[in-house]
Structures are given as structure tokens and as C-alpha cells.
Amino acid sequence: MSSYILEAKNIVKNYGSYRALNDVSLQVPKGSIYGLLGPNGAGKTSLIRIINQITMPDSGQVILDGEPLQPKHVQYIGYMPEERGLYKTMKVGEQALYLAQLKGMDKAEAKKQLHYWFERLNIEGWWDKKIQELSKGMAQKVQFVVTVLHQPKLLIFDEPFSGFDPVNANLIKDEILALKEKGASIIFSTHRMESVEELCDHIALIHLSNKVLEGNLLDIKRSFKSNTFEVGIETNQAEALKQLLITQNYVVQEADFKTIHNDYKLLVQLQQHTANDLLQLLIANGQVTHFLEKIPSANDIFIQTVSKKS
């Protein structure tokens, strides 16, 4: 049995003379939150539309839970698009019930699950409201419920926090994490790199129609490390220390000296030395207040990779 909920194999998609996806392959592990990242126009939406069978690839194949993607798999996927798709003049409860039945739920079970989610998200009083009577954030909550209601094998969230205030964005973030804890497999597409840090186990970065990066987020961050350490030291010989480091082949990238407390902050990149070598040198020349390896953020990796490939 496959350990991947979704595999995209050599996907090509053209729109006329424009190639939106160029031989893109991905593997989404079961039970993970998988960040699908990339600048505007990279090809993310084209891939999501293919997974949802809204459009078809020109070549390549999508495998869902070990089976080639087929029309029947629509009911096994929950998709929350960035451009929300609720009917504005329909009542909330009536619409949610209708959409749940389209996904294969019987009416009684759908009603039971809807009441559970409406209570959980504090929207019990909205059942008879029309979507057009709700704020954007309120409508987002309804869209989230409709997406997760039928407990699909794969959830796809495209910019799920768009339109939410910070309190409700945090509420939805917690619900996504809770779904993962219960075993859900999630594709999460966003431009908010802080959300990637908080939520994602794995990421793929698509740029200019090509996949340029994929893997476990922690492993990727480690691979982008540059042996750079942020150091704080109390010393009355700041300039002499800087020159000593340079003489011994350390790369001093930044230095910030606060004269009031003789507190010197350094960003030092190791060459042939070890972290212990650097620490011993610092201890011999002052009082070390902090010593921290600089691990690149998801945002750093995104910018660095996209800039390099542009």
C-alpha cells in the first residue's frame, strides 16, 4: 500500500502556447500537511485544478491513494478554493446540506455533522441566513465547514486564511492542525510563509511552471544552512575581537556594538572551523551572552530559490 495520498507524475499542462506545468512530479505523504508554494503565475492553481478534475493534464498522471485519478474520486477530495464558490442567495444550512449530499453524504449524517461543525465554530445562528448577508470572514467559515464536512481522504486549502481577522485565522489554523492529528492529509497553498512554518511538514516550490524544490521542511531548512551563528558577547575590545576572527578565517557578516553595556552582536560564518572552535575563541575574549545557529526560514528559502531560478 502506498505511503502517499497523492502522487503527480510528470504533469504537463499547456494553455495554447503557454506551458503552465512542465513535467511536474510531486509526492504528498499520508497524514501530512503539504505546502504547495510558489509566486503568482507559477503553476500552483493549474495543478490544483487538475487534482480536482476541473481540467485535465495534457500528459502525465495523478494517483490518489494508490489509484489513477477517476471521476469517482471527487467525493474523496475536499477543496477550499481561494475564490470562494458559495451561492450568495441560498441559505447557509440549505446550501451546506445540498453540497454535502453532492459529496455522497446522506441527509441525516450531513445534518448531524453540520450541527457539530456549526457549534464548534460558533455559527449555530447562521443556519437560515443567506450567504450575501454574511461578512467575507463569516462566509469563509461556512466554506471551511463545507470543505471538511464529508471527511475526505485529501483536503486542499488554497489561501484558507484570506479574509479572516487574526482571531478567526488562528481558529481555522487550529482546526487544520486538529484535522491532521485525526489523520487527515492536507495540501496547503499559500503566500504566507509564517503559516508554512507553523503548519507544514513537507513543501514543494513551483516556479516558472517547474518544480524547483520538494521535501520535508526541516530537512530542506537544514540543507540551506550556511554554518552561520548569531553571537552576543560582552567585551571592551570589540574591534580587536572582530579583527581576530577575520585573521583566523571566520567571515564576520554583521557586527553591532552597543557601547553602554559593552555588548557586541556578531553574525559569523564558519569556514574550516567548528562551532566549538568559535565558542572557545569567544569565551577567551569576553562574556558570551548568546550563541545561536541561524537556520533559514521558509521565507528565506522561498526568496533565495526563486531569485536563483529567475
# chains A, B, ... in the order shown; residues from 1 in each chain; ligands from 1
call {"tool": "residues_around", "arguments": {"residues": "A:Lys107", "least_positions_apart": "4", "cutoff": "12 Å", "atoms": "only C-alpha atoms", "output": "number ranges by chain"}}
result
A: 93-94, 96-103, 111-114, 150
call {"tool": "atom_distance", "arguments": {"atom1": "atom CA of A:Lys30", "atom2": "atom CA of A:Gly85"}}
result
27.0 Å
call {"tool": "atom_distance", "arguments": {"atom1": "atom CA of A:Asp128", "atom2": "atom CA of A:Lys91"}}
result
5.3 Å
call {"tool": "residues_around", "arguments": {"residues": "A:His207", "least_positions_apart": "3", "cutoff": "12 Å", "atoms": "only C-alpha atoms", "output": "MDAnalysis selection string"}}
result
chainID A and resid 20:22 24 36:44 204 210:214 302:303 305:310
call {"tool": "residues_around", "arguments": {"residues": "stretch 284-292 of chain A", "least_positions_apart": "6", "cutoff": "10 Å", "atoms": "only C-alpha atoms", "output": "list in words"}}
result
Thr228, Phe229, Glu230, Val231, Gly232, Ile233, Glu234, Thr235, Asn236, Gln237, Ala238, Ala240, Leu241, Leu244, Asn262, Asp263, Tyr264, Lys265, Leu266, Leu267, Ala275 and Leu278 of chain A
call {"tool": "select_by_dssp", "arguments": {"residues": "stretch 33-204 of chain A", "states": "strand (DSSP E or B)", "output": "JSON, numbers by chain"}}
result
{"A": [33, 34, 35, 36, 37, 59, 60, 61, 62, 63, 64, 67, 68, 77, 78, 79, 80, 91, 130, 154, 155, 156, 157, 158, 185, 186, 187, 188, 189, 202, 203, 204]}
call {"tool": "residues_around", "arguments": {"residues": "A:Gln61", "least_positions_apart": "5", "cutoff": "10 Å", "atoms": "only C-alpha atoms", "output": "list in words"}}
result
Glu7, Ala8, Lys9, Asn10, Ile11, Val12, Ser25, Ile50, Ile51, Met56, Pro68 and Leu69 of chain A
call {"tool": "write_last_selection", "arguments": {"atoms": "N, CA, C and O atoms", "output": "CSV table (one decimal), in the first residue's frame"}}
result
chain,number,residue,atom,x,y,z
A,7,GLU,N,0.1,11.3,-5.7
A,7,GLU,CA,1.3,11.4,-6.5
A,7,GLU,C,0.9,12.0,-7.8
A,7,GLU,O,0.0,11.6,-8.5
A,8,ALA,N,1.6,13.1,-8.2
A,8,ALA,CA,1.5,13.7,-9.5
A,8,ALA,C,2.8,13.2,-10.3
A,8,ALA,O,3.9,13.4,-9.8
A,9,LYS,N,2.6,12.6,-11.4
A,9,LYS,CA,3.7,12.1,-12.2
A,9,LYS,C,3.8,12.8,-13.5
A,9,LYS,O,2.9,12.6,-14.4
A,10,ASN,N,4.9,13.5,-13.7
A,10,ASN,CA,5.3,14.1,-15.0
A,10,ASN,C,4.1,14.9,-15.6
A,10,ASN,O,3.8,14.7,-16.8
A,11,ILE,N,3.5,15.8,-14.8
A,11,ILE,CA,2.3,16.5,-15.3
A,11,ILE,C,2.7,17.7,-16.2
A,11,ILE,O,3.6,18.5,-15.9
A,12,VAL,N,2.2,17.7,-17.4
A,12,VAL,CA,2.3,18.8,-18.4
A,12,VAL,C,1.0,19.4,-18.6
A,12,VAL,O,0.0,18.7,-18.9
A,25,SER,N,6.3,16.6,-11.0
A,25,SER,CA,6.0,15.4,-10.2
A,25,SER,C,6.1,15.8,-8.7
A,25,SER,O,7.0,16.4,-8.3
A,50,ILE,N,-6.2,20.4,-11.8
A,50,ILE,CA,-6.0,19.1,-12.3
A,50,ILE,C,-6.3,18.0,-11.3
A,50,ILE,O,-7.0,17.0,-11.5
A,51,ILE,N,-5.9,18.2,-10.1
A,51,ILE,CA,-6.1,17.3,-9.0
A,51,ILE,C,-7.7,17.2,-8.7
A,51,ILE,O,-8.2,16.1,-8.4
A,56,MET,N,-7.9,18.8,-17.2
A,56,MET,CA,-7.1,17.6,-17.4
A,56,MET,C,-5.7,17.9,-17.8
A,56,MET,O,-5.5,18.9,-18.5
A,68,PRO,N,-5.2,5.4,-10.0
A,68,PRO,CA,-5.2,6.5,-11.0
A,68,PRO,C,-6.5,7.3,-10.8
A,68,PRO,O,-7.6,6.8,-10.5
A,69,LEU,N,-6.3,8.7,-10.9
A,69,LEU,CA,-7.4,9.6,-10.6
A,69,LEU,C,-8.6,9.3,-11.5
A,69,LEU,O,-8.4,9.3,-12.7
call {"tool": "closest_residue", "arguments": {"among": "A:Asn249, A:Gln132, A:Thr147, A:Ser3", "to": "A:Ile77", "atoms": "only C-alpha atoms"}}
result
A:Thr147
call {"tool": "closest_residue", "arguments": {"among": "A:Tyr250, A:Tyr79, A:Tyr116, A:Trp127", "to": "A:Leu155", "atoms": "only C-alpha atoms"}}
result
A:Tyr79
call {"tool": "closest_residue", "arguments": {"among": "A:Gln304, A:Gln151, A:Thr190, A:Gln143", "to": "A:Ile131", "atoms": "only C-alpha atoms"}}
result
A:Gln143
call {"tool": "residues_around", "arguments": {"residues": "A:His202", "least_positions_apart": "3", "cutoff": "6 Å", "atoms": "only C-alpha atoms", "output": "NGL selection string"}}
result
:A and (34 or 215-217)
call {"tool": "atom_distance", "arguments": {"atom1": "atom CA of A:Thr89", "atom2": "atom CA of A:Pro71"}}
result
28.8 Å
call {"tool": "closest_residue", "arguments": {"among": "A:Ile33, A:Leu134, A:Leu154, A:Leu218", "to": "A:Leu199", "atoms": "only C-alpha atoms"}}
result
A:Ile33
call {"tool": "closest_residue", "arguments": {"among": "A:Asn14, A:Gln271, A:Gln27, A:Asn168", "to": "A:Leu245", "atoms": "only C-alpha atoms"}}
result
A:Gln271
call {"tool": "select_by_dssp", "arguments": {"residues": "stretch 44-182 of chain A", "states": "helix (DSSP H, G or I)", "output": "number ranges by chain"}}
result
A: 44-51, 71-76, 92-102, 107-120, 124-126, 131-133, 136-148, 166-181
call {"tool": "closest_residue", "arguments": {"among": "A:Val92, A:Asp256, A:Glu82, A:Met105", "to": "A:Glu133", "atoms": "only C-alpha atoms"}}
result
A:Val92
call {"tool": "residues_around", "arguments": {"residues": "A:Ile172", "least_positions_apart": "6", "cutoff": "9 Å", "atoms": "only C-alpha atoms", "output": "PyMOL selection string"}}
result
chain A and resi 121+141+144+160-161
